[in-house]
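Here's the structure we're looking at; comments come further down.
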4 protein chains.
Amino acid sequence: MRKANARERILETASRLFFKRGYSEVGINEIIEKAETAKASFYQHYPSKEALCEAWLSHVHDKSEISRSEILDMDKPASEKLELYFDQLETFMKQSEFRGCPYSNTGAVSDESCSGILEQIQGHKESIRQFFREICFQHTGDREKADQTGDRLFVLYSGATTECQNMKDLWPVHSARAAALELLNH
Amino acid sequence: MRKANARERILETASRLFFKRGYSEVGINEIIEKAETAKASFYQHYPSKEALCEAWLSHVHDKSEISRSEILDMDKPASEKLELYFDQLETFMKQSEFRGCPYSNTGAVSDESCSGILEQIQGHKESIRQFFREICFQHTGDREKADQTGDRLFVLYSGATTECQNMKDLWPVHSARAAALELLNH
Amino acid sequence: MRKANARERILETASRLFFKRGYSEVGINEIIEKAETAKASFYQHYPSKEALCEAWLSHVHDKSEISRSEILDMDKPASEKLELYFDQLETFMKQSEFRGCPYSNTGAVSDESCSGILEQIQGHKESIRQFFREICFQHTGDREKADQTGDRLFVLYSGATTECQNMKDLWPVHSARAAALELLNH
Amino acid sequence: MRKANARERILETASRLFFKRGYSEVGINEIIEKAETAKASFYQHYPSKEALCEAWLSHVHDKSEISRSEILDMDKPASEKLELYFDQLETFMKQSEFRGCPYSNTGAVSDESCSGILEQIQGHKESIRQFFREICFQHTGDREKADQTGDRLFVLYSGATTECQNMKDLWPVHSARAAALELLNH
DNA sequence: CATGAATGAGACTTCATTCAT
DNA sequence: AATGAATGAAGTCTCATTCAT
């Protein structure tokens, strides 16, 4: 039942709750209660709620990074990789607990004082941007053109994520997917 | 004491603060203090903080709606209207207090229980979606194609807004602008 | 629809609400809203919530006093009058909105500073006490004995009212009725 | 700062204040101030004001239960036990801070939503009812008759408590005592 | 007579964090 | 490493009343 160590239990619990309800809407009390830990044990492992947030974002990033690497390494045309990515994105959005991009959402409630969080957000976003650039490069072999197009695909990806959540509908990701393919091929 | 119209002072103050720091990060206490009103006066005019949020979003929407109408009514090519819209968006983002789309940001901290807020968000987004569709229709005269392309432009617009905030940079809006023009012309 | 004058609308509304939910649990705002009056109109007619409470208690008292007078004037044995009174009490308690004696309940949330309210309570209670004494006098013709027994019946009556509310059951009034008859006949 | 055990200080303070002025008339702020604790410390121990109320009523009940047990276990005639109980009741009422039955008073400001409080009230009242039944059973040995008479004594007890508070006088408890003895002996 | 905006004081509750053990 | 009590600050909201019109 109770996982061995508290540190992981806390991170897992927080991940679940932050993802489902948003960083600002989940309090420390609920986290430690659901993680079956004591208050002070929490602060033993994480110096602050903000630090826990960073750990969460970092953890999510690492997992998503792997998935993008796998796509890049696949032996198929770039356009199909792009389709695959958007399909995976759609699957991600179909989760009952999806409520938009965890990074953008967290950024929406963080100010400049949360520099660690902001770094996580930018790092994650930049990583996805580079993923799109790489896909485009695999498609054309033209680095400059790939960077340009990759950035556009990244913006489409972001808009799709945001608006599927806002509109409670999947049409934005379908539009983004189609537009992305069009932009990829000029 | 300040002269009458606490209602307006409250809305103005809240608009400023919500825009600058986000709905969830601004408390009633700060609003009434800066608006120089009593707490009970606040609740005389707005039954809850949530209601104030709705009033704010509605107010912002009305102003932005006018601006989009003006663009649509201009006597110039659709492509130029599109450029103008993205230019205005960029100007909007250059405000020192810009911190992303107020609607998406507010949605990021609202759950299903905030139905009034969610309606404002969806209404606003839908209105912008229709704006893009209309621009495209003015460009081609083909309703079906216009709706398809309009949706794509809308997604670009949203992604640009989100990522300019996340990346603290303007390149996403530039990318979106270029991509939008390309999609408009096939 | 709206009754002619505000004064009466306020009293009627307050009576209904105070009876149903208790003096302390009903606020001025709700009263004036349901009475369709303005705040200041309320204070035109009643200098304070406390004054309205007094008016309510006085009003209730006057109506109940009539009912007791009618019983005393009836042409039937005192024991039957006593039964009738307890039957009426039971009927009163069966109202869906019954929640105990309005006077005792109001006394439970009033301190010495509410002298007007306390006077209403004591006046009402004393009046009922005298009613029981009179019933007993009609039964025996012995004033001294009647006063003694009357007081006991009054206590039974009060206990029945309190405990039917507490226990959400009618057995206390049935017990009181039986005990009262027994005490009446020695 | 005061030494530990805020929990007890809070309960003691609240007991004193609730008893003296009534549940609804005493706020959390006053309780924590007089208990020399922080507000959050209060909520660490009691999840709500209502929960504190339940703790108070439960505490009072436990103490009073002991006293009734002691009376039942005494080696003296039931009639003397009854007299003793009413004498103790009178002593209780003579306290300068007496303001009626804490349970009935609390019930007077609680609606159905306060189920925990209502349970405390009914449990306490039922316990006293059983006490009177037991006294009567010790007197007669007839269980059925004892239950009937016990209920009547309970109603007298309740009426005495309520009306001594309302009338600011001790005659109701004297009447109740005399009536109780009479009912006990037929 | 009637109005509705304005008010100070206070209601109950939760926040992230620290401390003594 | 782990605990649970304690905390100051802040959260949203409601009270009965008054004032300017």
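Following the order of the structure tokens, first chain is A, next is B, and so on, with residues numbered from 1 inside each chain and ligands from 1 in the order they appear.
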Given only C-alpha atoms (C1' of nucleotides), how would the per-residue table for chain E near chain B read, listing every residue at most 12 Å away with its closest atom pair and distance in Å to one decimal, sorted by chain and number, as a tab-separated table?
```
residue	atom	partner	partner_atom	distance
E:DG4	C1'	B:Gln44	CA	9.7
E:DA5	C1'	B:Ser41	CA	7.7
E:DA6	C1'	B:Ser41	CA	5.8
E:DT7	C1'	B:Ala38	CA	6.3
E:DG8	C1'	B:Ala38	CA	8.0
E:DA9	C1'	B:Ala40	CA	10.5
E:DG10	C1'	B:Lys39	CA	11.4
```
Since we have the selection now, will you write its residues out, keeping C-alpha atoms (C1' of nucleotides), as a PDB file, in the first residue's frame?
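Saved the output as selection.pdb:
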```
ATOM      1  C1'  DG E   4     -29.826  52.327  -2.916  1.00  0.00           C
ATOM      2  C1'  DA E   5     -25.036  53.065  -2.230  1.00  0.00           C
ATOM      3  C1'  DA E   6     -21.657  53.022   1.425  1.00  0.00           C
ATOM      4  C1'  DT E   7     -19.786  51.395   5.707  1.00  0.00           C
ATOM      5  C1'  DG E   8     -16.761  49.297   9.946  1.00  0.00           C
ATOM      6  C1'  DA E   9     -16.575  45.457  12.256  1.00  0.00           C
ATOM      7  C1'  DG E  10     -16.515  40.973  12.287  1.00  0.00           C
TER       8       DG E  10
END
```
Return as a list in words the residues belonging to chain F that are within 8 Å of chain A, counting only C-alpha atoms (C1' of nucleotides).
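On the chain F side, the interface is DA1, DA2, DT3 and DG4 of chain F.
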Would you write out those residues with C-alpha atoms (C1' of nucleotides), as a short mmCIF file (atom, residue, chain, number, x, y, z; two decimals), in the first residue's frame?
```cif
data_model
loop_
_atom_site.label_atom_id
_atom_site.label_comp_id
_atom_site.auth_asym_id
_atom_site.auth_seq_id
_atom_site.Cartn_x
_atom_site.Cartn_y
_atom_site.Cartn_z
"C1'" DA F 1 14.30 10.52 8.98
"C1'" DA F 2 10.03 11.54 11.00
"C1'" DT F 3 6.43 13.88 13.61
"C1'" DG F 4 2.28 16.89 14.86
#
```
Considering only helix (DSSP H, G or I) as DSSP defines it on the backbone, what residues of chain B qualify? List them as a PyMOL selection string.
chain B and resi 6-21+23-25+28-34+39-45+49-73+78-94+102-107+115-140+143-167+171-184
Write the selection just made, keeping C-alpha atoms, as a tab-separated table (two decimals), in the first residue's frame?
```
chain	number	residue	atom	x	y	z
B	6	ALA	CA	-17.51	52.49	-6.08
B	7	ARG	CA	-18.78	49.97	-8.58
B	8	GLU	CA	-16.67	51.38	-11.35
B	9	ARG	CA	-13.66	51.97	-9.19
B	10	ILE	CA	-13.81	48.34	-8.14
B	11	LEU	CA	-14.08	47.09	-11.69
B	12	GLU	CA	-11.27	49.30	-12.90
B	13	THR	CA	-9.00	48.34	-10.06
B	14	ALA	CA	-9.75	44.67	-10.41
B	15	SER	CA	-9.23	44.82	-14.17
B	16	ARG	CA	-5.83	46.31	-13.71
B	17	LEU	CA	-4.77	43.85	-11.03
B	18	PHE	CA	-6.27	40.74	-12.61
B	19	PHE	CA	-4.64	41.59	-15.90
B	20	LYS	CA	-1.30	42.23	-14.33
B	21	ARG	CA	-1.10	39.40	-11.85
B	23	TYR	CA	-7.32	36.33	-11.10
B	24	SER	CA	-6.25	33.86	-8.47
B	25	GLU	CA	-3.31	35.92	-7.30
B	28	ILE	CA	-10.56	41.03	-2.48
B	29	ASN	CA	-8.72	42.84	0.26
B	30	GLU	CA	-6.20	44.30	-2.13
B	31	ILE	CA	-8.89	45.26	-4.60
B	32	ILE	CA	-10.98	47.16	-2.13
B	33	GLU	CA	-7.98	48.79	-0.60
B	34	LYS	CA	-6.72	50.06	-3.93
B	39	LYS	CA	-15.57	45.38	1.80
B	40	ALA	CA	-19.31	45.46	2.16
B	41	SER	CA	-19.51	47.99	-0.64
B	42	PHE	CA	-17.79	45.50	-2.83
B	43	TYR	CA	-20.33	42.81	-2.05
B	44	GLN	CA	-23.16	45.27	-2.60
B	45	HIS	CA	-22.12	45.48	-6.23
B	49	LYS	CA	-15.25	37.47	-6.43
B	50	GLU	CA	-16.26	35.14	-9.22
B	51	ALA	CA	-18.96	37.57	-10.34
B	52	LEU	CA	-16.39	40.33	-10.44
B	53	CYS	CA	-14.22	38.13	-12.58
B	54	GLU	CA	-17.07	37.63	-14.99
B	55	ALA	CA	-17.68	41.37	-15.10
B	56	TRP	CA	-14.01	41.92	-15.85
B	57	LEU	CA	-13.87	39.33	-18.62
B	58	SER	CA	-17.08	40.62	-20.10
B	59	HIS	CA	-15.77	44.15	-20.06
B	60	VAL	CA	-12.51	43.17	-21.72
B	61	HIS	CA	-14.42	41.19	-24.28
B	62	ASP	CA	-16.66	44.08	-25.21
B	63	LYS	CA	-13.70	46.34	-25.81
B	64	SER	CA	-11.84	43.78	-27.87
B	65	GLU	CA	-14.95	42.97	-29.86
B	66	ILE	CA	-15.19	46.55	-31.00
B	67	SER	CA	-11.62	46.53	-32.17
B	68	ARG	CA	-12.19	43.38	-34.23
B	69	SER	CA	-15.34	44.82	-35.74
B	70	GLU	CA	-13.42	47.87	-36.82
B	71	ILE	CA	-10.85	45.74	-38.54
B	72	LEU	CA	-13.49	43.72	-40.35
B	73	ASP	CA	-15.16	46.89	-41.57
B	78	ALA	CA	-8.10	40.68	-45.92
B	79	SER	CA	-4.43	39.85	-45.80
B	80	GLU	CA	-3.66	43.34	-44.59
B	81	LYS	CA	-6.38	43.06	-41.98
B	82	LEU	CA	-4.75	39.90	-40.76
B	83	GLU	CA	-1.39	41.62	-40.58
B	84	LEU	CA	-2.96	44.49	-38.73
B	85	TYR	CA	-4.53	42.16	-36.20
B	86	PHE	CA	-1.24	40.46	-35.47
B	87	ASP	CA	0.47	43.81	-35.26
B	88	GLN	CA	-2.06	44.94	-32.71
B	89	LEU	CA	-1.56	41.69	-30.86
B	90	GLU	CA	2.15	42.35	-30.75
B	91	THR	CA	1.57	45.83	-29.45
B	92	PHE	CA	-0.71	44.38	-26.81
B	93	MET	CA	2.03	41.99	-25.76
B	94	LYS	CA	4.57	44.72	-25.51
B	102	PRO	CA	-6.50	36.87	-19.50
B	103	TYR	CA	-9.08	34.31	-20.59
B	104	SER	CA	-6.77	31.34	-20.90
B	105	ASN	CA	-5.01	32.32	-17.71
B	106	THR	CA	-8.27	32.55	-15.84
B	107	GLY	CA	-9.38	29.24	-17.27
B	115	SER	CA	-19.60	27.98	-15.01
B	116	GLY	CA	-20.06	31.72	-15.48
B	117	ILE	CA	-16.36	32.24	-15.97
B	118	LEU	CA	-16.08	29.33	-18.34
B	119	GLU	CA	-18.89	30.76	-20.42
B	120	GLN	CA	-17.08	34.06	-20.69
B	121	ILE	CA	-13.94	32.32	-21.79
B	122	GLN	CA	-15.62	30.19	-24.41
B	123	GLY	CA	-17.72	33.09	-25.66
B	124	HIS	CA	-14.66	35.22	-26.08
B	125	LYS	CA	-12.65	32.54	-27.80
B	126	GLU	CA	-15.50	31.65	-30.11
B	127	SER	CA	-15.85	35.29	-31.03
B	128	ILE	CA	-12.22	35.49	-32.04
B	129	ARG	CA	-12.53	32.23	-33.96
B	130	GLN	CA	-15.39	33.73	-35.94
B	131	PHE	CA	-13.31	36.83	-36.56
B	132	PHE	CA	-10.62	34.76	-38.22
B	133	ARG	CA	-13.17	32.83	-40.22
B	134	GLU	CA	-14.64	36.10	-41.43
B	135	ILE	CA	-11.25	37.45	-42.44
B	136	CYS	CA	-10.67	34.29	-44.46
B	137	PHE	CA	-14.10	34.54	-46.03
B	138	GLN	CA	-13.40	38.09	-47.08
B	139	HIS	CA	-10.23	36.77	-48.66
B	140	THR	CA	-11.63	33.89	-50.64
B	143	ARG	CA	-17.27	29.81	-46.75
B	144	GLU	CA	-16.21	26.26	-46.18
B	145	LYS	CA	-12.57	26.89	-46.91
B	146	ALA	CA	-12.73	30.07	-44.85
B	147	ASP	CA	-14.02	28.25	-41.79
B	148	GLN	CA	-11.28	25.68	-42.06
B	149	THR	CA	-8.52	28.20	-42.47
B	150	GLY	CA	-10.01	30.54	-39.88
B	151	ASP	CA	-9.85	27.83	-37.25
B	152	ARG	CA	-6.19	27.30	-38.04
B	153	LEU	CA	-5.43	30.98	-37.73
B	154	PHE	CA	-7.24	31.04	-34.43
B	155	VAL	CA	-5.03	28.27	-33.12
B	156	LEU	CA	-1.96	30.15	-34.25
B	157	TYR	CA	-3.18	33.27	-32.54
B	158	SER	CA	-3.73	31.40	-29.29
B	159	GLY	CA	-0.37	29.68	-29.40
B	160	ALA	CA	1.35	32.98	-30.05
B	161	THR	CA	-0.31	34.59	-27.07
B	162	THR	CA	0.53	31.73	-24.74
B	163	GLU	CA	4.10	31.30	-25.81
B	164	CYS	CA	5.08	34.92	-25.97
B	165	GLN	CA	4.19	34.96	-22.31
B	166	ASN	CA	5.94	31.70	-21.51
B	167	MET	CA	9.10	32.51	-23.46
B	171	TRP	CA	9.22	35.40	-31.74
B	172	PRO	CA	6.07	33.28	-31.31
B	173	VAL	CA	3.84	36.09	-32.50
B	174	HIS	CA	6.12	36.75	-35.42
B	175	SER	CA	6.08	33.09	-36.37
B	176	ALA	CA	2.33	33.00	-36.00
B	177	ARG	CA	1.88	36.05	-38.16
B	178	ALA	CA	3.99	34.63	-40.94
B	179	ALA	CA	2.32	31.25	-40.73
B	180	ALA	CA	-1.11	32.84	-40.74
B	181	LEU	CA	-0.39	34.72	-43.93
B	182	GLU	CA	0.92	31.59	-45.55
B	183	LEU	CA	-2.16	29.60	-44.55
B	184	LEU	CA	-4.44	32.37	-45.75
```
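As for CA of Gly27 in chain A and CA of Ser96 in chain A, they are spaced 21.6 Å apart.
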Find the distance between CA of Phe98 in chain D and CA of Ala35 in chain D and write it in Å to one decimal.
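We find that CA of Phe98 in chain D and CA of Ala35 in chain D lie 21.3 Å from each other.
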